[in-house]
$ cat input02.cif   # mmCIF, C-alpha atoms, pLDDT in the B column; chains and numbers go by the auth columns
data_structure
#
loop_
_atom_site.group_PDB
_atom_site.id
_atom_site.type_symbol
_atom_site.label_atom_id
_atom_site.label_comp_id
_atom_site.label_asym_id
_atom_site.label_seq_id
_atom_site.Cartn_x
_atom_site.Cartn_y
_atom_site.Cartn_z
_atom_site.B_iso_or_equiv
_atom_site.auth_seq_id
_atom_site.auth_asym_id
ATOM 1 C CA MET A 1 22.569 -70.621 -72.666 45.00 143 A
ATOM 2 C CA THR A 2 20.435 -70.839 -69.550 45.00 144 A
ATOM 3 C CA THR A 3 17.625 -68.477 -68.689 40.00 145 A
ATOM 4 C CA ASN A 4 19.822 -67.137 -65.858 49.00 146 A
ATOM 5 C CA THR A 5 22.560 -66.055 -68.264 55.00 147 A
ATOM 6 C CA SER A 6 21.856 -63.298 -70.742 65.00 148 A
ATOM 7 C CA MET A 7 24.004 -62.470 -73.730 69.00 149 A
ATOM 8 C CA THR A 8 24.959 -59.141 -72.147 75.00 150 A
ATOM 9 C CA ASP A 9 26.414 -60.941 -69.105 86.00 151 A
ATOM 10 C CA LEU A 10 28.803 -63.130 -71.081 92.00 152 A
ATOM 11 C CA ARG A 11 32.511 -62.493 -70.779 95.00 153 A
ATOM 12 C CA VAL A 12 35.346 -63.516 -73.083 96.00 154 A
ATOM 13 C CA ARG A 13 36.299 -66.277 -70.597 95.00 155 A
ATOM 14 C CA ASP A 14 32.875 -67.874 -71.185 93.00 156 A
ATOM 15 C CA LEU A 15 33.644 -68.659 -74.838 93.00 157 A
ATOM 16 C CA MET A 16 37.422 -68.551 -75.231 95.00 158 A
ATOM 17 C CA THR A 17 39.449 -71.676 -75.774 92.00 159 A
ATOM 18 C CA PRO A 18 42.038 -72.096 -73.005 92.00 160 A
ATOM 19 C CA GLY A 19 45.262 -74.053 -73.437 85.00 161 A
ATOM 20 C CA VAL A 20 46.404 -72.355 -76.617 91.00 162 A
ATOM 21 C CA VAL A 21 48.858 -74.039 -78.978 92.00 163 A
ATOM 22 C CA SER A 22 51.716 -71.656 -79.674 95.00 164 A
ATOM 23 C CA VAL A 23 54.957 -71.241 -81.585 96.00 165 A
ATOM 24 C CA ARG A 24 58.081 -69.181 -80.993 97.00 166 A
ATOM 25 C CA PRO A 25 59.451 -66.479 -83.303 97.00 167 A
ATOM 26 C CA GLU A 26 62.525 -68.618 -84.049 96.00 168 A
ATOM 27 C CA ASP A 27 60.457 -71.656 -85.111 95.00 169 A
ATOM 28 C CA SER A 28 60.328 -72.404 -88.816 92.00 170 A
ATOM 29 C CA VAL A 29 57.191 -71.717 -90.797 90.00 171 A
ATOM 30 C CA ALA A 30 57.204 -75.440 -91.664 89.00 172 A
ATOM 31 C CA VAL A 31 56.788 -76.334 -87.963 92.00 173 A
ATOM 32 C CA ALA A 32 53.982 -73.806 -87.574 92.00 174 A
ATOM 33 C CA TYR A 33 52.184 -74.951 -90.711 89.00 175 A
ATOM 34 C CA GLU A 34 52.411 -78.571 -89.589 90.00 176 A
ATOM 35 C CA LEU A 35 50.778 -77.582 -86.269 93.00 177 A
ATOM 36 C CA MET A 36 48.017 -75.802 -88.173 92.00 178 A
ATOM 37 C CA LEU A 37 47.379 -78.829 -90.369 90.00 179 A
ATOM 38 C CA ASP A 38 47.559 -81.392 -87.550 93.00 180 A
ATOM 39 C CA ASN A 39 45.199 -79.435 -85.287 92.00 181 A
ATOM 40 C CA ARG A 40 42.991 -77.901 -87.979 91.00 182 A
ATOM 41 C CA PHE A 41 43.836 -74.374 -86.761 90.00 183 A
ATOM 42 C CA ARG A 42 43.992 -71.162 -88.754 91.00 184 A
ATOM 43 C CA HIS A 43 45.699 -69.137 -86.014 94.00 185 A
ATOM 44 C CA LEU A 44 48.745 -69.684 -83.825 96.00 186 A
ATOM 45 C CA VAL A 45 49.861 -67.318 -81.098 96.00 187 A
ATOM 46 C CA VAL A 46 53.561 -66.518 -81.078 96.00 188 A
ATOM 47 C CA ILE A 47 55.179 -66.297 -77.655 95.00 189 A
ATOM 48 C CA ASP A 48 58.718 -65.553 -76.528 93.00 190 A
ATOM 49 C CA ARG A 49 60.807 -67.649 -74.127 91.00 191 A
ATOM 50 C CA ASP A 50 59.103 -65.967 -71.148 89.00 192 A
ATOM 51 C CA GLY A 51 55.656 -66.910 -72.439 88.00 193 A
ATOM 52 C CA ASP A 52 54.724 -63.363 -73.430 91.00 194 A
ATOM 53 C CA LEU A 53 52.698 -62.650 -76.561 94.00 195 A
ATOM 54 C CA VAL A 54 54.865 -61.274 -79.371 95.00 196 A
ATOM 55 C CA GLY A 55 52.726 -61.985 -82.414 96.00 197 A
ATOM 56 C CA LEU A 56 50.137 -64.000 -84.273 96.00 198 A
ATOM 57 C CA LEU A 57 50.650 -66.297 -87.237 95.00 199 A
ATOM 58 C CA THR A 58 47.617 -66.962 -89.391 92.00 200 A
ATOM 59 C CA HIS A 59 46.833 -69.059 -92.410 87.00 201 A
ATOM 60 C CA ARG A 60 46.277 -65.753 -94.193 87.00 202 A
ATOM 61 C CA ASP A 61 49.842 -64.643 -93.295 86.00 203 A
ATOM 62 C CA LEU A 62 51.175 -67.767 -94.983 82.00 204 A
ATOM 63 C CA LEU A 63 49.040 -67.173 -98.072 80.00 205 A
ATOM 64 C CA ARG A 64 50.014 -63.494 -98.210 77.00 206 A
ATOM 65 C CA HIS A 65 53.701 -64.432 -98.264 72.00 207 A
ATOM 66 C CA SER A 66 53.029 -67.114 -100.904 62.00 208 A
ATOM 67 C CA LEU A 67 54.382 -69.840 -98.661 61.00 209 A
ATOM 68 C CA ILE A 68 51.573 -72.349 -99.110 60.00 210 A
ATOM 69 C CA GLU A 69 49.240 -73.570 -101.805 57.00 211 A
ATOM 70 C CA ARG A 70 51.581 -72.768 -104.699 59.00 212 A
ATOM 71 C CA ALA A 71 50.525 -75.221 -107.366 56.00 213 A
ATOM 72 C CA GLU A 72 53.476 -74.326 -109.617 65.00 214 A
ATOM 73 C CA LEU A 73 56.010 -75.583 -107.055 67.00 215 A
ATOM 74 C CA PRO A 74 56.499 -79.229 -106.097 72.00 216 A
ATOM 75 C CA VAL A 75 55.447 -79.960 -102.490 68.00 217 A
ATOM 76 C CA SER A 76 59.020 -80.947 -101.592 75.00 218 A
ATOM 77 C CA LEU A 77 60.290 -77.529 -102.704 76.00 219 A
ATOM 78 C CA GLN A 78 57.505 -75.757 -100.799 70.00 220 A
ATOM 79 C CA CYS A 79 58.552 -77.653 -97.641 75.00 221 A
ATOM 80 C CA THR A 80 62.209 -76.754 -98.160 78.00 222 A
ATOM 81 C CA VAL A 81 61.328 -73.068 -98.490 78.00 223 A
ATOM 82 C CA MET A 82 59.111 -73.159 -95.378 79.00 224 A
ATOM 83 C CA ARG A 83 61.893 -74.775 -93.315 84.00 225 A
ATOM 84 C CA ARG A 84 64.182 -71.832 -94.123 87.00 226 A
ATOM 85 C CA ILE A 85 61.750 -69.087 -93.154 87.00 227 A
ATOM 86 C CA LEU A 86 61.201 -68.185 -89.508 92.00 228 A
ATOM 87 C CA VAL A 87 57.836 -67.411 -87.953 94.00 229 A
ATOM 88 C CA GLU A 88 59.060 -63.930 -86.971 94.00 230 A
ATOM 89 C CA GLU A 89 59.579 -63.094 -90.649 92.00 231 A
ATOM 90 C CA VAL A 90 55.899 -63.532 -91.570 92.00 232 A
ATOM 91 C CA MET A 91 53.924 -63.149 -88.318 94.00 233 A
ATOM 92 C CA THR A 92 51.781 -60.164 -87.442 93.00 234 A
ATOM 93 C CA SER A 93 53.558 -58.304 -84.631 93.00 235 A
ATOM 94 C CA GLU A 94 50.935 -55.726 -83.715 93.00 236 A
ATOM 95 C CA VAL A 95 48.158 -57.909 -82.331 94.00 237 A
ATOM 96 C CA GLU A 96 44.818 -56.791 -80.966 95.00 238 A
ATOM 97 C CA THR A 97 43.979 -58.738 -77.806 96.00 239 A
ATOM 98 C CA ALA A 98 41.102 -59.299 -75.403 97.00 240 A
ATOM 99 C CA GLU A 99 41.054 -59.827 -71.658 96.00 241 A
ATOM 100 C CA ALA A 100 39.282 -62.779 -70.063 95.00 242 A
ATOM 101 C CA GLY A 101 36.967 -60.529 -68.021 94.00 243 A
ATOM 102 C CA GLN A 102 36.081 -58.274 -70.954 96.00 244 A
ATOM 103 C CA LEU A 103 32.486 -58.234 -72.147 96.00 245 A
ATOM 104 C CA LEU A 104 32.068 -60.734 -74.939 95.00 246 A
ATOM 105 C CA ALA A 105 30.029 -58.243 -76.960 94.00 247 A
ATOM 106 C CA GLU A 106 32.977 -55.796 -76.971 96.00 248 A
ATOM 107 C CA ALA A 107 35.383 -58.461 -78.198 96.00 249 A
ATOM 108 C CA ALA A 108 32.890 -59.603 -80.839 95.00 250 A
ATOM 109 C CA LEU A 109 32.501 -56.029 -82.082 95.00 251 A
ATOM 110 C CA THR A 110 36.287 -55.626 -82.324 96.00 252 A
ATOM 111 C CA MET A 111 36.521 -58.835 -84.330 96.00 253 A
ATOM 112 C CA PHE A 112 33.619 -57.873 -86.593 95.00 254 A
ATOM 113 C CA GLN A 113 34.687 -54.270 -87.265 96.00 255 A
ATOM 114 C CA ASN A 114 38.294 -55.244 -88.022 95.00 256 A
ATOM 115 C CA LYS A 115 37.544 -58.555 -89.774 94.00 257 A
ATOM 116 C CA TYR A 116 39.708 -60.455 -87.274 94.00 258 A
ATOM 117 C CA GLY A 117 39.343 -64.222 -87.192 93.00 259 A
ATOM 118 C CA CYS A 118 40.561 -64.356 -83.609 95.00 260 A
ATOM 119 C CA LEU A 119 41.725 -62.425 -80.585 97.00 261 A
ATOM 120 C CA PRO A 120 44.394 -63.820 -78.274 96.00 262 A
ATOM 121 C CA VAL A 121 43.171 -63.542 -74.686 96.00 263 A
ATOM 122 C CA VAL A 122 45.757 -62.181 -72.287 94.00 264 A
ATOM 123 C CA GLU A 123 46.338 -61.408 -68.640 90.00 265 A
ATOM 124 C CA GLY A 124 49.033 -58.763 -68.794 84.00 266 A
ATOM 125 C CA SER A 125 51.242 -60.037 -71.624 81.00 267 A
ATOM 126 C CA ARG A 126 50.602 -63.752 -70.883 89.00 268 A
ATOM 127 C CA VAL A 127 48.302 -65.644 -73.212 93.00 269 A
ATOM 128 C CA VAL A 128 45.531 -67.454 -71.321 94.00 270 A
ATOM 129 C CA GLY A 129 43.318 -68.374 -74.262 95.00 271 A
ATOM 130 C CA ILE A 130 42.107 -67.503 -77.719 96.00 272 A
ATOM 131 C CA LEU A 131 38.714 -66.323 -78.919 96.00 273 A
ATOM 132 C CA THR A 132 37.936 -67.373 -82.482 94.00 274 A
ATOM 133 C CA GLU A 133 35.064 -67.228 -84.929 91.00 275 A
ATOM 134 C CA SER A 134 34.677 -70.957 -84.329 90.00 276 A
ATOM 135 C CA ASP A 135 34.048 -70.322 -80.626 90.00 277 A
ATOM 136 C CA PHE A 136 31.024 -68.206 -81.553 89.00 278 A
ATOM 137 C CA VAL A 137 29.739 -70.787 -84.023 89.00 279 A
ATOM 138 C CA ARG A 138 30.142 -73.547 -81.420 86.00 280 A
ATOM 139 C CA PHE A 139 28.347 -71.432 -78.816 85.00 281 A
ATOM 140 C CA PHE A 140 25.288 -70.868 -80.983 83.00 282 A
ATOM 141 C CA ALA A 141 25.272 -74.411 -82.343 84.00 283 A
ATOM 142 C CA LEU A 142 25.251 -75.820 -78.803 81.00 284 A
ATOM 143 C CA ALA A 143 23.349 -73.039 -77.009 74.00 285 A
ATOM 144 C CA GLU A 144 20.110 -74.976 -76.711 69.00 286 A
ATOM 145 C CA ARG A 145 21.810 -78.197 -75.628 68.00 287 A
ATOM 146 C CA VAL A 146 24.561 -77.119 -73.218 59.00 288 A
ATOM 147 C CA PRO A 147 24.143 -74.610 -70.353 58.00 289 A
ATOM 148 C CA ALA A 148 26.380 -71.534 -70.822 54.00 290 A
ATOM 149 C CA PRO A 149 28.706 -72.125 -67.834 51.00 291 A
ATOM 150 C CA ARG A 150 29.498 -75.573 -69.270 47.00 292 A
ATOM 151 C CA MET A 151 30.034 -74.238 -72.791 50.00 293 A
ATOM 152 C CA MET A 152 33.765 -73.780 -72.224 49.00 294 A
ATOM 153 C CA GLY A 153 34.104 -77.493 -71.454 46.00 295 A
ATOM 154 C CA ALA A 154 32.573 -78.274 -74.842 45.00 296 A
ATOM 155 C CA ALA A 155 35.555 -76.577 -76.471 46.00 297 A
ATOM 156 C CA THR A 156 37.853 -79.591 -76.004 46.00 298 A
ATOM 157 C CA GLY A 157 40.761 -77.172 -76.101 49.00 299 A
ATOM 158 C CA GLN A 158 40.697 -76.701 -79.868 52.00 300 A
ATOM 159 C CA HIS A 159 40.438 -73.486 -81.813 56.00 301 A
ATOM 160 C CA ALA A 160 40.428 -72.529 -85.449 54.00 302 A
#
$ encode --input "input02.cif" --output "structure tokens"
Amino acid sequence: MTTNTSMTDLRVRDLMTPGVVSVRPEDSVAVAYELMLDNRFRHLVVIDRDGDLVGLLTHRDLLRHSLIERAELPVSLQCTVMRRILVEEVMTSEVETAEAGQLLAEAALTMFQNKYGCLPVVEGSRVVGILTESDFVRFFALAERVPAPRMMGAATGQHA
């Protein structure tokens, strides 16, 4: 963060990760889980055919529905089960969002008070980014080394 940029001036767009990886409601949970593993994500936005936000699929959703990390089942059986279940069956449909121009402090407070790991960032109903706990960690880890306006470029398009 530069001396010209104070914490109170930061907006969601300053920390969010643009270029969000997404899934569709009709995708299988196996496809979504593979994306999570390959990209080291814990959250995937769910969009419809028009690109509008319809839900959020989290690692916690998969755990809550006992779809992953079941030691008593062989991995092959776990994969078979996940291929038969659709994202829309386990996703969270009512999703809290942030807007790119919103004060970062407001979004952070929403995440903290509700114990959210992320907020999809929208313009209207279109997803333009995602704000995650990892974005905050990255910001503070790099704050002394990278000026704030360049912080978004340090994201490399990945989120957790």
$ closest_residue --input "input02.cif" --among "A:Asp190, A:Asp203, A:Asp180, A:Asp156" --to "Ala242 of chain A" --atoms "all atoms listed in the file"
A:Asp156
$ closest_residue --input "input02.cif" --among "A:Thr200, A:Asn181, A:Thr150, A:Ser276" --to "Ser235 of chain A" --atoms "only C-alpha atoms"
A:Thr200
$ resolve_selection --input "input02.cif" --expression "the PyMOL selection byres ((chain A and resi 160) around 7)" --output "list in words"
Met158, Thr159, Gly161, Val162, Val270, Gly271, Ile272 and Gly299 of chain A
$ atom_distance --input "input02.cif" --atom1 "atom CA of Ser267 of chain A" --atom2 "atom CA of Arg184 of chain A"
21.7 Å
$ atom_distance --input "input02.cif" --atom1 "atom CA of Phe254 of chain A" --atom2 "atom CA of Glu230 of chain A"
26.2 Å
$ atom_distance --input "input02.cif" --atom1 "atom CA of Gly193 of chain A" --atom2 "atom CA of Arg268 of chain A"
6.2 Å
$ closest_residue --input "input02.cif" --among "A:Arg166, A:His185, A:Arg191, A:Arg153" --to "Leu261 of chain A" --atoms "all atoms listed in the file"
A:His185
$ residues_around --input "input02.cif" --residues "segment 277-280 of chain A" --least-positions-apart "4" --cutoff "7 Å" --atoms "all atoms listed in the file" --output "ChimeraX atom specification"
/A:157-158,273,284
$ resolve_selection --input "input02.cif" --expression "the PyMOL selection byres ((chain A and resi 171) around 12)" --output "ChimeraX atom specification"
/A:165-170,172-178,186,188,199-201,203-205,207-210,220-233
$ closest_residue --input "input02.cif" --among "A:Ala240, A:Thr274, A:Leu246, A:Asp151" --to "Phe183 of chain A" --atoms "all atoms listed in the file"
A:Thr274
$ closest_residue --input "input02.cif" --among "A:Ala285, A:Val269, A:Thr234, A:Gln244" --to "Ser164 of chain A" --atoms "all atoms listed in the file"
A:Val269
